[in-house]
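Below: one structure, written as structure tokens.
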Amino acid sequence: MTIFHTFRSFLASSLAAVTLASSTTVAETDFNIVGKEMLGMLLNRHYEKIEFDESMGQRFLDTYLTDLDGGKVYFTQEDVTMLRQKYGSTLHQLVHTKKSMEPAFEIYFLFQQRVQERLEYVDQLLENEEFTFTSDRSVIRTRKDIGWPKNTKDADQVWRDRIEEALLGEELRRETIARLAKEQGKADPLAEEKPIREKLKLRYERVLHAAEEADKEDIANYFLSAVSKAYGPHTDYFSAREMERFSDNMRNELIGVGALLQAEDDGSTVIKGIVKNGPADRQGELQLNDKVVAVDSHNDGNLTDIMFMKISKVVDLIRGGVNKNVRLKVIPHDSPGEFKFIVIKRERVQMKDEAARAEVIEMLDDKNEKRRLGFLSLPSFYADFENGETLCSVDVEKLLHGLIREKIDGLVMDLRGNTGGSLEEVRRMTGFFTGKGPVVQVKNSRNVIEVKGADTRAIYEGPMVVLIDKASASASEILAGALQDYNRAVVVGDSSTFGKGTVQQPMSIASMMPFFSDRSRAGFLKPTIQKFYRAAGSSTQLLGVESDIVLPSILDGLDIGEEYLDFALPHDEIPAAQGFKPMAEKSSLFIEKLKENSKERVKNSKDYIYTMEDLKRTKTEIEKNTLSLNKEVRLQEILENDARTKERNKERLERFASIMKEDKQTFKFYRLTLDDLEAGAMVPFDPTSDEDEYMLRAKSDTADLDTTPEWPSRLDPTKREGLAILNDLVTMQQSAIAAETAKQ
């Protein structure tokens with residue numbers, strides 16, 4: 001009996017449930033009506049007035065298929081052609097006439113059927129097929145630009161190749177781990193792992209469960225999201241569940257137990273992190289690497305089995321009302337044959353790892369005099385839209401005042417990985433550095449341009465560097481672009497930011513639905529309503545904000561950015577905002593001299609040399625887009641990578657020890673978090689210690705075999721170079737001021 005024997009009965013009952021839904025007496029949200037009202041909102045509110053015609057119907061049909069089967073391995077081209085012929089010319093009309101859920105469910109259940117068929121075939125391969133790994137064949141890494149397999153026969157070959165590669169990859173991984181452990185005189189951490197084929201069966205069983213567990217709301221969510229995304233990559237539909245998660249993320253807090261969860265191949269959910277002094281930490285029983293197998297959300301005896309359940313749904317079960325208990329059925333990591341129940345009272349948990357934080361780095365300048373540089377990290381532009389209790393601009397304002405009290409000579413603002421957030425928060429925050437004046441221009445669908453400016457006096461007026469990368473998006477680009485336009489800061493990092501120059505606003509669909517209809521699960525539309533432009537007039541759309549000083553980065557070799565997304569809006573420019581005027585001449589930032597100094601450091605940096613080598617290799621692998629199915633070929637690649645890593649680590653160990661010794665003579669580090677400000681004191685700290693982390697984190701089984709040393713003083717190359725550039729900028733600006741003073 002295979003792991004898929006229950007699927008057909010499930011599929012039949014699911015189809016029956018959908019068929020009978022209209023006749024049930026239980027009130028529930030009709031997603032046909034939701035789709036109709038959402039469409040009206042798209043047509044009236046979206047920035048682009050795109051006609052909702054047959055071509056749009058074909059567009060969102062293809063988007064739906066791709067969203068369901070992003071790897072293009074479940075559907076066949078025959079399936080896609082059939083669905084296009086059946087719905088390509090009418091799907092847009094079915095949304096209009098409140099009949100869109102019928103094709104939405106039909107397509108989703110075809111997807112489920114294909115998942116079941118493909119994974120049944122996988123089950124057969126894992127049960128019966130022997131692979132020698134001696135052929136000269138290869139497997140395609142990504143089918144993104146290749147398309148779906150032509151038919152079932154082609155799909156079988158695609159899956160045979162995938163399973164062969166999965167088996168080979170896992171076999172090589174285990175052999176490599178065993179070899180490294182032996183070389184280091186350590187026990188093999190994977191010695192007790194399940195057999196490879198059994199592990200793969202469990203992995204694909206999780207895939208099947210993910211397809212099976214989708215309920216009516218989930219399927220409607222997939223379909224309506226595809227309809228909305230046909231209008232652009234950032235226009236989206238949020239189900240009621242998704243909106244709750246989105247609001248939690250924006251508030252930078254949640255109501256729960258304070259634990260980080262991870263799905264395991266065996267179907268369980270593992271505790272990979274525990275927030276220090278959070279509910280679970282204080283309760284004391286839940287430990288790292290414990291496995292949660294069931295959740296009693298209300299602590300009333302009604303357990304929900306969460307084996308193979310999606311992490312997002314597990315999280316929903318564990319979260320709940322503040323000061324309400326949740327009961328977890330747990331298999332302790334140190335007693336795998338037993339289980340116990342743990343009751344934890346939910347509380348508001350601040351995600352402090354995602355909050356703004358700062359530090360002061362004290363060093364010696366060229367004259368051997370003490371210099372203090374501030375470093376302010378902002379992971380996102382978070383804001384509590386409901387009650388305004390949590391606002392990142394308020395947090396940053398507090399930190400800036402704290403840094404100024406510490407008499408910093410210059411400031412690095414780290415926006416790497418910051419994907420954006422509240423437009424109002426970035427507007428206010430920009431003024432902390434520029435004072436009053438235009439920050440960003442927004443243009444709506446009627447081509448009406450509104451200038452949004454800062455209305456506060458500047459808080460920090462000293463030398464400034466902004467760090468960005470390809471993941472810096474939206475609000476991050478507004479801040480970085482404004483500071484660049486005002487000649488207020490030097491932008492440093494990847495070649496450019498992400499390139500998202502559009503504004504979205506969540507809108508309740510319930511408010512648009514007929515009075516008599518059930519609106520409880522209608523969800524929200526998040527349409528693109530505006531396009532934003534820098535104060536100087538250029539849109540960040542597609543182009544992003546380009547660095548004044550570019551540093552080598554692996555991200556620059558990956559397909560990251562707005563330009564790689566479907567249906568993205570074009571780049572354009574408008575006139576500069578009225579009243580916009582740079583705060584200083586560009587020459588006051590000494591960018592050419594800073595660039596020259598940085599180029600010399602980068603040229604002599606082994607770490608950046610390694611990055612450039614890896615970037616070249618990554619680009620080659622992406623272009624090649626294949627993996628060999630020959631074990632000897634793959635083993636040779638692994639040995640070459642291992643040899644390169646060992647050679648690099650040998651060099652790093654010696655060099656990092658020397659740098660660390662120098663750092664201890666050069667730097668002193670002081671932590672300045674929101675908690676420190678509340679306590680009224682800046683805290684000296686050791687950046688190489690984990691004591692200041694907000695979360696206890698579980699180590700992977702193989703972590704002890706990784707001999708790659710940490711960055712000296714945990715200053716990664718970009719952070720270290722950013723500080724070096726800031727130090728140069730401080731010196732140059734101080735020298736210029738001194739020279740000007742001498743003239744007087």
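Residues in the structure tokens are named by chain (A, B, ... in the order shown) and by number from 1 within that chain; ligands are numbered from 1 in the order shown.
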Per-residue DSSP, region 218-380 of chain A, filtered to strand (DSSP E), as a count of residues only = 60
Give me the residues within 9 Å of Val158 (chain A) as a VMD selection string, counting only C-alpha atoms and dropping any in the same chain fewer than 4 places off.
-> chain A and resid 73 139 to 140 149 153 to 154 162 to 163
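Straight-line separation from CA of Phe669 (chain A) to CA of Met413 (chain A): 16.6 Å.
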For Lys624 (chain A), work out the shell of residues within 12 Å, counting only C-alpha atoms and skipping chain neighbours fewer than 2 positions away, then give it as a list in words.
-> Ser138, Val139, Ile140, Arg141, Thr142, Arg617, Thr618, Lys619, Thr620, Glu621, Ile622, Thr626, Leu627 and Ser628 of chain A
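CA of Glu691 (chain A) is positioned 18.2 Å from CA of Ile361 (chain A).
Of the listed residues A:Tyr382, A:Tyr694, A:Phe515, A:Tyr460, the one whose atoms come nearest to Ile408 (chain A) is A:Tyr460, with distances taken using only C-alpha atoms.
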Per-residue DSSP, region 229-404 of chain A, filtered to alpha helix (DSSP H), as an NGL selection string | :A and (229 or 240-251 or 279-283 or 311-318 or 392-404)
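With only C-alpha atoms as the atoms that count, the residue of A:Pro438, A:Gly374, A:Pro336, A:Pro709 with the shortest distance to Asp409 (chain A) is A:Gly374.
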Which residues of region 569-652 of chain A have any atom within 9 Å of an atom in region 172-183 of chain A when counting only C-alpha atoms, and what is the closest pair of atoms for each, with the distance in Å to one decimal? Order the rows by chain and rising number and write it as a tab-separated table.
residue	atom	partner	partner_atom	distance
A:Lys631	CA	A:Leu172	CA	8.1
A:Arg634	CA	A:Leu172	CA	8.2
A:Leu635	CA	A:Leu172	CA	7.2
A:Ile638	CA	A:Thr176	CA	8.2
A:Leu639	CA	A:Thr176	CA	8.9
Contact table region 129-192 of chain A vs region 97-115 of chain A, cut-off 12 Å, shortest pair per residue, only C-alpha atoms, as a Markdown table:
| residue | atom | partner | partner_atom | distance |
| --- | --- | --- | --- | --- |
| A:Asn151 | CA | A:Arg114 | CA | 11.6 |
| A:Thr152 | CA | A:Arg114 | CA | 9.7 |
| A:Ala155 | CA | A:Arg114 | CA | 10.1 |
| A:Asp156 | CA | A:Arg114 | CA | 11.4 |
| A:Trp159 | CA | A:Val115 | CA | 11.3 |
To one decimal in Å, tell me the separation between CA of Arg197 (chain A) and CA of Asp136 (chain A).
-> 22.8 Å
